[in-house]
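So this block is coords_39.json, JSON, C-alpha atoms:
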```json
[["chain", "number", "residue", "atom", "x", "y", "z"],
["A", 21, "MET", "CA", 16.81, 3.09, 5.25],
["A", 22, "LEU", "CA", 13.45, 3.16, 7.00],
["A", 23, "PRO", "CA", 12.24, -0.27, 8.17],
["A", 24, "PHE", "CA", 9.37, -1.85, 6.26],
["A", 25, "PRO", "CA", 6.49, -2.86, 8.56],
["A", 26, "GLU", "CA", 5.95, -6.59, 8.22],
["A", 27, "PRO", "CA", 3.36, -8.05, 8.28],
["A", 28, "CYS", "CA", 1.78, -4.99, 6.72],
["A", 29, "LEU", "CA", -1.80, -3.82, 6.32],
["A", 30, "ALA", "CA", -1.67, -1.01, 3.77],
["A", 31, "LEU", "CA", -4.47, 1.42, 3.01],
["A", 32, "VAL", "CA", -4.58, 3.00, -0.45],
["A", 33, "THR", "CA", -6.62, 6.18, -0.25],
["A", 34, "ASP", "CA", -9.56, 7.28, -2.36],
["A", 35, "ARG", "CA", -11.33, 10.25, -0.82],
["A", 36, "HIS", "CA", -14.32, 9.74, -3.12],
["A", 37, "LEU", "CA", -15.17, 6.55, -1.22],
["A", 38, "CYS", "CA", -15.27, 8.14, 2.23],
["A", 39, "PRO", "CA", -18.61, 8.24, 4.05],
["A", 40, "SER", "CA", -20.52, 11.42, 3.27],
["A", 41, "ASP", "CA", -20.10, 12.73, 6.80],
["A", 42, "ARG", "CA", -16.33, 12.24, 7.02],
["A", 43, "THR", "CA", -13.31, 13.60, 5.16],
["A", 44, "LEU", "CA", -10.22, 11.68, 4.13],
["A", 45, "GLN", "CA", -8.28, 13.58, 6.78],
["A", 46, "GLU", "CA", -10.67, 12.13, 9.38],
["A", 47, "GLN", "CA", -11.02, 8.63, 7.91],
["A", 48, "VAL", "CA", -7.34, 7.77, 7.60],
["A", 49, "PRO", "CA", -6.28, 8.42, 11.23],
["A", 50, "LEU", "CA", -9.15, 6.23, 12.44],
["A", 51, "ALA", "CA", -8.00, 3.43, 10.15],
["A", 52, "VAL", "CA", -4.42, 3.79, 11.42],
["A", 53, "TYR", "CA", -5.70, 3.62, 14.98],
["A", 54, "GLY", "CA", -7.41, 0.35, 14.06],
["A", 55, "GLY", "CA", -4.25, -1.26, 12.75],
["A", 56, "VAL", "CA", -3.20, 0.11, 9.36],
["A", 57, "ASP", "CA", 0.61, 0.00, 9.06],
["A", 58, "MET", "CA", 1.06, 1.94, 5.83],
["A", 59, "VAL", "CA", -0.97, 4.62, 4.08],
["A", 60, "GLN", "CA", -0.47, 5.23, 0.39],
["A", 61, "ILE", "CA", -1.87, 8.57, -0.72],
["A", 62, "ARG", "CA", -3.27, 7.93, -4.18],
["A", 63, "GLU", "CA", -5.41, 10.93, -5.09],
["A", 64, "LYS", "CA", -4.60, 11.17, -8.78],
["A", 65, "ASP", "CA", -6.99, 14.03, -9.51],
["A", 66, "LEU", "CA", -5.50, 16.37, -6.90],
["A", 67, "PRO", "CA", -2.90, 18.98, -7.90],
["A", 68, "GLN", "CA", 0.56, 18.89, -6.40],
["A", 69, "LYS", "CA", -0.11, 21.67, -3.90],
["A", 70, "ALA", "CA", -3.14, 19.82, -2.54],
["A", 71, "ILE", "CA", -1.16, 16.58, -2.27],
["A", 72, "LEU", "CA", 1.49, 18.40, -0.28],
["A", 73, "GLY", "CA", -1.09, 19.88, 2.09],
["A", 74, "LEU", "CA", -2.93, 16.57, 2.50],
["A", 75, "THR", "CA", 0.27, 14.69, 3.28],
["A", 76, "LYS", "CA", 1.37, 17.23, 5.87],
["A", 77, "THR", "CA", -2.05, 17.04, 7.53],
["A", 78, "LEU", "CA", -2.01, 13.24, 7.67],
["A", 79, "ARG", "CA", 1.58, 13.16, 8.90],
["A", 80, "SER", "CA", 0.59, 15.41, 11.77],
["A", 81, "ALA", "CA", -2.48, 13.31, 12.52],
["A", 82, "ILE", "CA", -0.90, 9.84, 12.47],
["A", 83, "GLY", "CA", 2.62, 10.70, 13.60],
["A", 84, "ASN", "CA", 4.82, 7.62, 13.35],
["A", 85, "GLN", "CA", 2.01, 5.12, 13.89],
["A", 86, "ALA", "CA", 2.09, 4.18, 10.20],
["A", 87, "LYS", "CA", 4.33, 4.68, 7.19],
["A", 88, "LEU", "CA", 3.06, 7.43, 4.88],
["A", 89, "ILE", "CA", 3.77, 6.90, 1.19],
["A", 90, "ILE", "CA", 2.86, 9.18, -1.72],
["A", 91, "ASN", "CA", 1.86, 7.76, -5.08],
["A", 92, "GLY", "CA", 4.32, 9.48, -7.41],
["A", 93, "HIS", "CA", 4.92, 13.21, -6.77],
["A", 94, "LEU", "CA", 8.61, 12.72, -6.02],
["A", 95, "ASP", "CA", 9.16, 16.47, -5.90],
["A", 96, "VAL", "CA", 6.92, 16.97, -2.84],
["A", 97, "ILE", "CA", 7.88, 13.95, -0.74],
["A", 98, "LYS", "CA", 10.68, 15.46, 1.31],
["A", 99, "ARG", "CA", 8.74, 18.69, 1.85],
["A", 100, "SER", "CA", 5.72, 16.75, 3.07],
["A", 101, "PHE", "CA", 7.62, 14.60, 5.61],
["A", 102, "ALA", "CA", 6.39, 11.44, 3.89],
["A", 103, "ASP", "CA", 8.27, 8.16, 4.34],
["A", 104, "GLY", "CA", 8.66, 7.47, 0.66],
["A", 105, "SER", "CA", 7.13, 7.08, -2.76],
["A", 106, "HIS", "CA", 5.15, 4.45, -4.59],
["A", 107, "LEU", "CA", 5.69, 4.13, -8.35],
["A", 108, "SER", "CA", 3.47, 2.62, -10.99],
["A", 109, "GLU", "CA", 4.93, -0.02, -13.27],
["A", 110, "THR", "CA", 5.21, 2.53, -16.09],
["A", 111, "SER", "CA", 6.41, 5.59, -14.16],
["A", 112, "ILE", "CA", 9.92, 6.89, -13.50],
["A", 113, "ASP", "CA", 12.71, 4.33, -13.22],
["A", 114, "THR", "CA", 13.44, 3.07, -9.71],
["A", 115, "GLU", "CA", 17.11, 4.05, -10.03],
["A", 116, "GLU", "CA", 16.17, 7.61, -10.95],
["A", 117, "ALA", "CA", 13.69, 7.79, -8.08],
["A", 118, "ARG", "CA", 16.44, 6.64, -5.71],
["A", 119, "GLU", "CA", 18.76, 9.36, -6.97],
["A", 120, "LEU", "CA", 16.08, 11.96, -6.28],
["A", 121, "LEU", "CA", 15.01, 10.66, -2.88],
["A", 122, "GLY", "CA", 18.26, 9.31, -1.49],
["A", 123, "ASN", "CA", 18.70, 6.14, 0.52],
["A", 124, "GLU", "CA", 16.72, 7.09, 3.61],
["A", 125, "LEU", "CA", 13.23, 6.92, 2.10],
["A", 126, "LEU", "CA", 11.21, 3.89, 1.00],
["A", 127, "ILE", "CA", 10.49, 3.24, -2.66],
["A", 128, "GLY", "CA", 7.74, 0.86, -3.66],
["A", 129, "ARG", "CA", 6.62, -0.26, -7.09],
["A", 130, "SER", "CA", 3.48, -1.80, -8.56],
["A", 131, "VAL", "CA", 4.16, -4.87, -10.69],
["A", 132, "HIS", "CA", 1.96, -7.13, -12.77],
["A", 133, "SER", "CA", 4.44, -9.76, -13.89],
["A", 134, "VAL", "CA", 7.27, -11.83, -12.44],
["A", 135, "ALA", "CA", 9.73, -10.17, -14.81],
["A", 136, "ALA", "CA", 8.71, -6.72, -13.61],
["A", 137, "ALA", "CA", 9.07, -7.82, -9.98],
["A", 138, "VAL", "CA", 12.57, -9.15, -10.55],
["A", 139, "GLU", "CA", 13.54, -5.99, -12.41],
["A", 140, "ALA", "CA", 12.16, -3.74, -9.65],
["A", 141, "GLU", "CA", 14.09, -5.60, -6.98],
["A", 142, "ALA", "CA", 17.31, -5.44, -9.00],
["A", 143, "ALA", "CA", 16.79, -1.69, -9.48],
["A", 144, "GLY", "CA", 16.57, -1.10, -5.74],
["A", 145, "ALA", "CA", 12.86, -1.11, -4.86],
["A", 146, "ASP", "CA", 12.20, -1.71, -1.16],
["A", 147, "PHE", "CA", 8.79, -3.32, -1.57],
["A", 148, "LEU", "CA", 6.23, -4.26, -4.21],
["A", 149, "PHE", "CA", 2.49, -4.04, -4.70],
["A", 150, "VAL", "CA", 1.48, -7.12, -6.69],
["A", 151, "GLY", "CA", -1.83, -7.33, -8.48],
["A", 152, "THR", "CA", -4.48, -7.50, -9.52],
["A", 153, "ILE", "CA", -5.12, -10.65, -7.46],
["A", 154, "TYR", "CA", -8.93, -10.76, -7.38],
["A", 155, "GLU", "CA", -11.61, -9.00, -9.40],
["A", 156, "THR", "CA", -12.19, -5.45, -8.24],
["A", 157, "PRO", "CA", -14.52, -2.59, -9.23],
["A", 158, "SER", "CA", -11.46, -0.34, -9.43],
["A", 159, "HIS", "CA", -10.28, -2.18, -12.55],
["A", 160, "PRO", "CA", -13.37, -3.58, -14.31],
["A", 161, "GLY", "CA", -12.63, -6.11, -17.00],
["A", 162, "LEU", "CA", -9.09, -6.77, -15.79],
["A", 163, "ILE", "CA", -8.33, -10.47, -15.49],
["A", 164, "ALA", "CA", -7.52, -11.41, -11.90],
["A", 165, "LYS", "CA", -4.17, -13.17, -11.51],
["A", 166, "GLY", "CA", -4.97, -15.21, -8.41],
["A", 167, "THR", "CA", -2.77, -16.50, -5.62],
["A", 168, "ARG", "CA", -0.66, -18.72, -7.86],
["A", 169, "PHE", "CA", 0.83, -15.52, -9.23],
["A", 170, "LEU", "CA", 1.76, -14.48, -5.70],
["A", 171, "GLU", "CA", 3.51, -17.81, -5.19],
["A", 172, "GLU", "CA", 5.54, -17.16, -8.34],
["A", 173, "ILE", "CA", 6.49, -13.72, -7.07],
["A", 174, "SER", "CA", 7.49, -15.17, -3.70],
["A", 175, "ARG", "CA", 9.89, -17.59, -5.39],
["A", 176, "ALA", "CA", 11.34, -14.89, -7.64],
["A", 177, "VAL", "CA", 12.10, -12.01, -5.25],
["A", 178, "GLY", "CA", 13.42, -11.48, -1.75],
["A", 179, "ILE", "CA", 11.93, -8.07, -0.95],
["A", 180, "PRO", "CA", 8.54, -7.71, 0.78],
["A", 181, "PHE", "CA", 5.47, -7.68, -1.45],
["A", 182, "LEU", "CA", 1.85, -6.84, -0.73],
["A", 183, "ALA", "CA", -1.12, -8.30, -2.58],
["A", 184, "ILE", "CA", -3.62, -5.79, -3.95],
["A", 185, "GLY", "CA", -6.90, -6.05, -5.81],
["A", 186, "GLY", "CA", -10.13, -7.36, -4.32],
["A", 187, "ILE", "CA", -8.60, -8.23, -0.95],
["A", 188, "ASN", "CA", -11.19, -8.89, 1.77],
["A", 189, "HIS", "CA", -11.80, -10.78, 5.00],
["A", 190, "ALA", "CA", -12.42, -14.07, 3.21],
["A", 191, "ASN", "CA", -9.31, -14.24, 1.05],
["A", 192, "ILE", "CA", -6.60, -12.79, 3.31],
["A", 193, "PRO", "CA", -5.59, -16.22, 4.72],
["A", 194, "GLU", "CA", -4.90, -17.68, 1.28],
["A", 195, "VAL", "CA", -2.99, -14.54, 0.30],
["A", 196, "MET", "CA", -0.77, -14.73, 3.38],
["A", 197, "ALA", "CA", -0.11, -18.41, 2.71],
["A", 198, "THR", "CA", 1.76, -17.47, -0.47],
["A", 199, "GLY", "CA", 4.56, -15.68, 1.36],
["A", 200, "ALA", "CA", 3.14, -12.18, 0.94],
["A", 201, "ALA", "CA", 4.30, -9.63, 3.52],
["A", 202, "GLY", "CA", 0.75, -8.33, 3.78],
["A", 203, "VAL", "CA", -2.15, -6.87, 1.87],
["A", 204, "ALA", "CA", -3.17, -3.51, 0.45],
["A", 205, "VAL", "CA", -6.83, -2.51, 0.43],
["A", 206, "VAL", "CA", -9.05, 0.33, -0.72],
["A", 207, "ARG", "CA", -12.73, -0.56, -0.53],
["A", 208, "ALA", "CA", -12.33, -2.82, 2.51],
["A", 209, "ILE", "CA", -11.68, 0.30, 4.62],
["A", 210, "MET", "CA", -12.24, 3.59, 2.79],
["A", 211, "PRO", "CA", -16.11, 3.54, 2.73],
["A", 212, "ALA", "CA", -16.45, 2.03, 6.22],
["A", 213, "LYS", "CA", -18.57, 3.82, 8.79],
["A", 214, "ASN", "CA", -16.15, 2.51, 11.41],
["A", 215, "PRO", "CA", -12.75, 2.40, 9.68],
["A", 216, "ASP", "CA", -10.96, 1.62, 12.92],
["A", 217, "GLN", "CA", -13.06, -1.52, 13.37],
["A", 218, "ALA", "CA", -12.69, -2.46, 9.68],
["A", 219, "ALA", "CA", -8.91, -2.15, 9.91],
["A", 220, "SER", "CA", -8.78, -4.03, 13.20],
["A", 221, "GLU", "CA", -10.72, -6.96, 11.77],
["A", 222, "LEU", "CA", -8.54, -7.18, 8.67],
["A", 223, "LYS", "CA", -5.36, -6.96, 10.73],
["A", 224, "LYS", "CA", -6.54, -9.69, 13.09],
["A", 225, "ILE", "CA", -7.28, -12.05, 10.21],
["A", 226, "MET", "CA", -3.87, -11.31, 8.73],
["A", 227, "LEU", "CA", -2.06, -11.92, 12.01],
["A", 228, "ASP", "CA", -4.10, -15.03, 12.76],
["A", 229, "SER", "CA", -2.97, -16.45, 9.41],
["A", 230, "LEU", "CA", 0.71, -16.28, 10.36],
["A", 231, "PRO", "CA", 0.99, -19.09, 12.97],
["A", 232, "ARG", "CA", -0.37, -21.62, 10.51],
["A", 233, "ILE", "CA", 2.26, -20.83, 7.88],
["A", 234, "GLY", "CA", 5.09, -19.53, 10.04],
["A", 235, "THR", "CA", 6.38, -15.99, 10.07],
["A", 236, "GLU", "CA", 9.48, -16.63, 7.96],
["A", 237, "ARG", "CA", 9.33, -15.59, 4.30]]
```
What do you get writing this file as structure tokens?
Amino acid sequence: MLPFPEPCLALVTDRHLCPSDRTLQEQVPLAVYGGVDMVQIREKDLPQKAILGLTKTLRSAIGNQAKLIINGHLDVIKRSFADGSHLSETSIDTEEARELLGNELLIGRSVHSVAAAVEAEAAGADFLFVGTIYETPSHPGLIAKGTRFLEEISRAVGIPFLAIGGINHANIPEVMATGAAGVAVVRAIMPAKNPDQAASELKKIMLDSLPRIGTER
């Protein structure tokens, strides 16, 4: 099984948010250079062939500097040299995904309840995305769950989990204090004119939060 990078700064892609003068294929490697540990390709409006091509391009660009995870698309993961798959809470069962991918690749799952987190861990998920923690334009009208929810998740599961939803410079310390293995961001990096600097600043805040709470989960 591939190791999970912990603490982890994850970037969830959205090519529509990239600066007008830069493509996703250019933006992501810069962010990885700045400190991103995991890239989740989440381009839901792209066809399978385009996802395959995009993943191969990014794999070549970032090498092994960061884990490369595809949102869904289990049938293209091995062909694209990705490190694993990320599943939504309502997508294919984790057990079935494991049968398709084998034991060498990472499988993550998005969860929005403690029960779903416990179930995902029992089914063999390697890590979780837990949200939505703060209000975010990506999910307007969705009630933010807050850091107390993260504390509940921390007590309920033993696998790494990342907080997602409205994560920014100001709230990373309180997120890390809950026992989270890291954070996942979209808008904090994707639109940045200097994504390497944006990633570096987020990573520094995350790492600076660890000595105050200890590094043990």
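Reported to one decimal place, the separation of CA of Ile192 (chain A) from CA of Glu221 (chain A) is 11.1 Å.
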Report the distance between CA of Pro23 (chain A) and CA of Leu126 (chain A) in Å, rounded to one decimal place.
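According to the coordinates, CA of Pro23 (chain A) and CA of Leu126 (chain A) are separated by 8.4 Å.
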Using all atoms listed in the file for the distances, tell me which of A:Gln45, A:Ser105, A:Ser80, A:Thr33 is nearest to Ile61 (chain A).
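Closest to Ile61 (chain A) of all the choices is A:Thr33.
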In terms of the shortest atom-to-atom distance over all atoms listed in the file, which of A:Ala102, A:Ala143, A:Ala51, A:Ile184 is closest to Ala212 (chain A)?
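Of A:Ala102, A:Ala143, A:Ala51, A:Ile184, the one nearest Ala212 (chain A) is A:Ala51, counting all atoms listed in the file.
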Please list as a list in words every residue within 8 Å of region 223-229 of chain A, counting only C-alpha atoms and excluding residues in the same chain fewer than 4 positions away.
Pro27, Leu29, Gly55, Val56, His189, Ile192, Pro193, Met196, Ala197, Gly202, Ala219 and Ile233 of chain A
Could you pull the residues within 10 Å of Ala208 (chain A), counting all atoms listed in the file, minus those fewer than 2 positions along the same chain, as JSON, numbers by chain?
{"A": [31, 186, 187, 188, 189, 204, 205, 206, 210, 211, 212, 215, 218, 219, 222]}
Between CA of Ser111 (chain A) and CA of Ile153 (chain A) lies a distance of 21.0 Å
Pick from A:Ser220, A:Ala183, A:Glu26, A:Ala176, whichever lies nearest to Ala164 (chain A) using all atoms listed in the file:
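Smallest separation from Ala164 (chain A) among the options: A:Ala183.
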Non-local contacts of Ala86 (chain A) (9 Å; all atoms listed in the file; under 5 positions in same chain excluded) as a count of residues only:
7
Could you list, as a list in words, every residue within 12 Å of Pro39 (chain A), counting all atoms listed in the file and ignoring same-chain residues fewer than 2 positions away?
Asp34, Arg35, His36, Leu37, Asp41, Arg42, Thr43, Leu44, Gln45, Glu46, Gln47, Val48, Arg207, Ile209, Met210, Pro211, Ala212, Lys213, Asn214 and Pro215 of chain A
Which polymer residues have any atom within 12 Å of an atom of Lys76 (chain A), counting all atoms listed in the file, with same-chain residues fewer than 4 positions away left out, as a PyMOL selection string?
chain A and resi 45+61+69-72+80-83+88-90+96-103
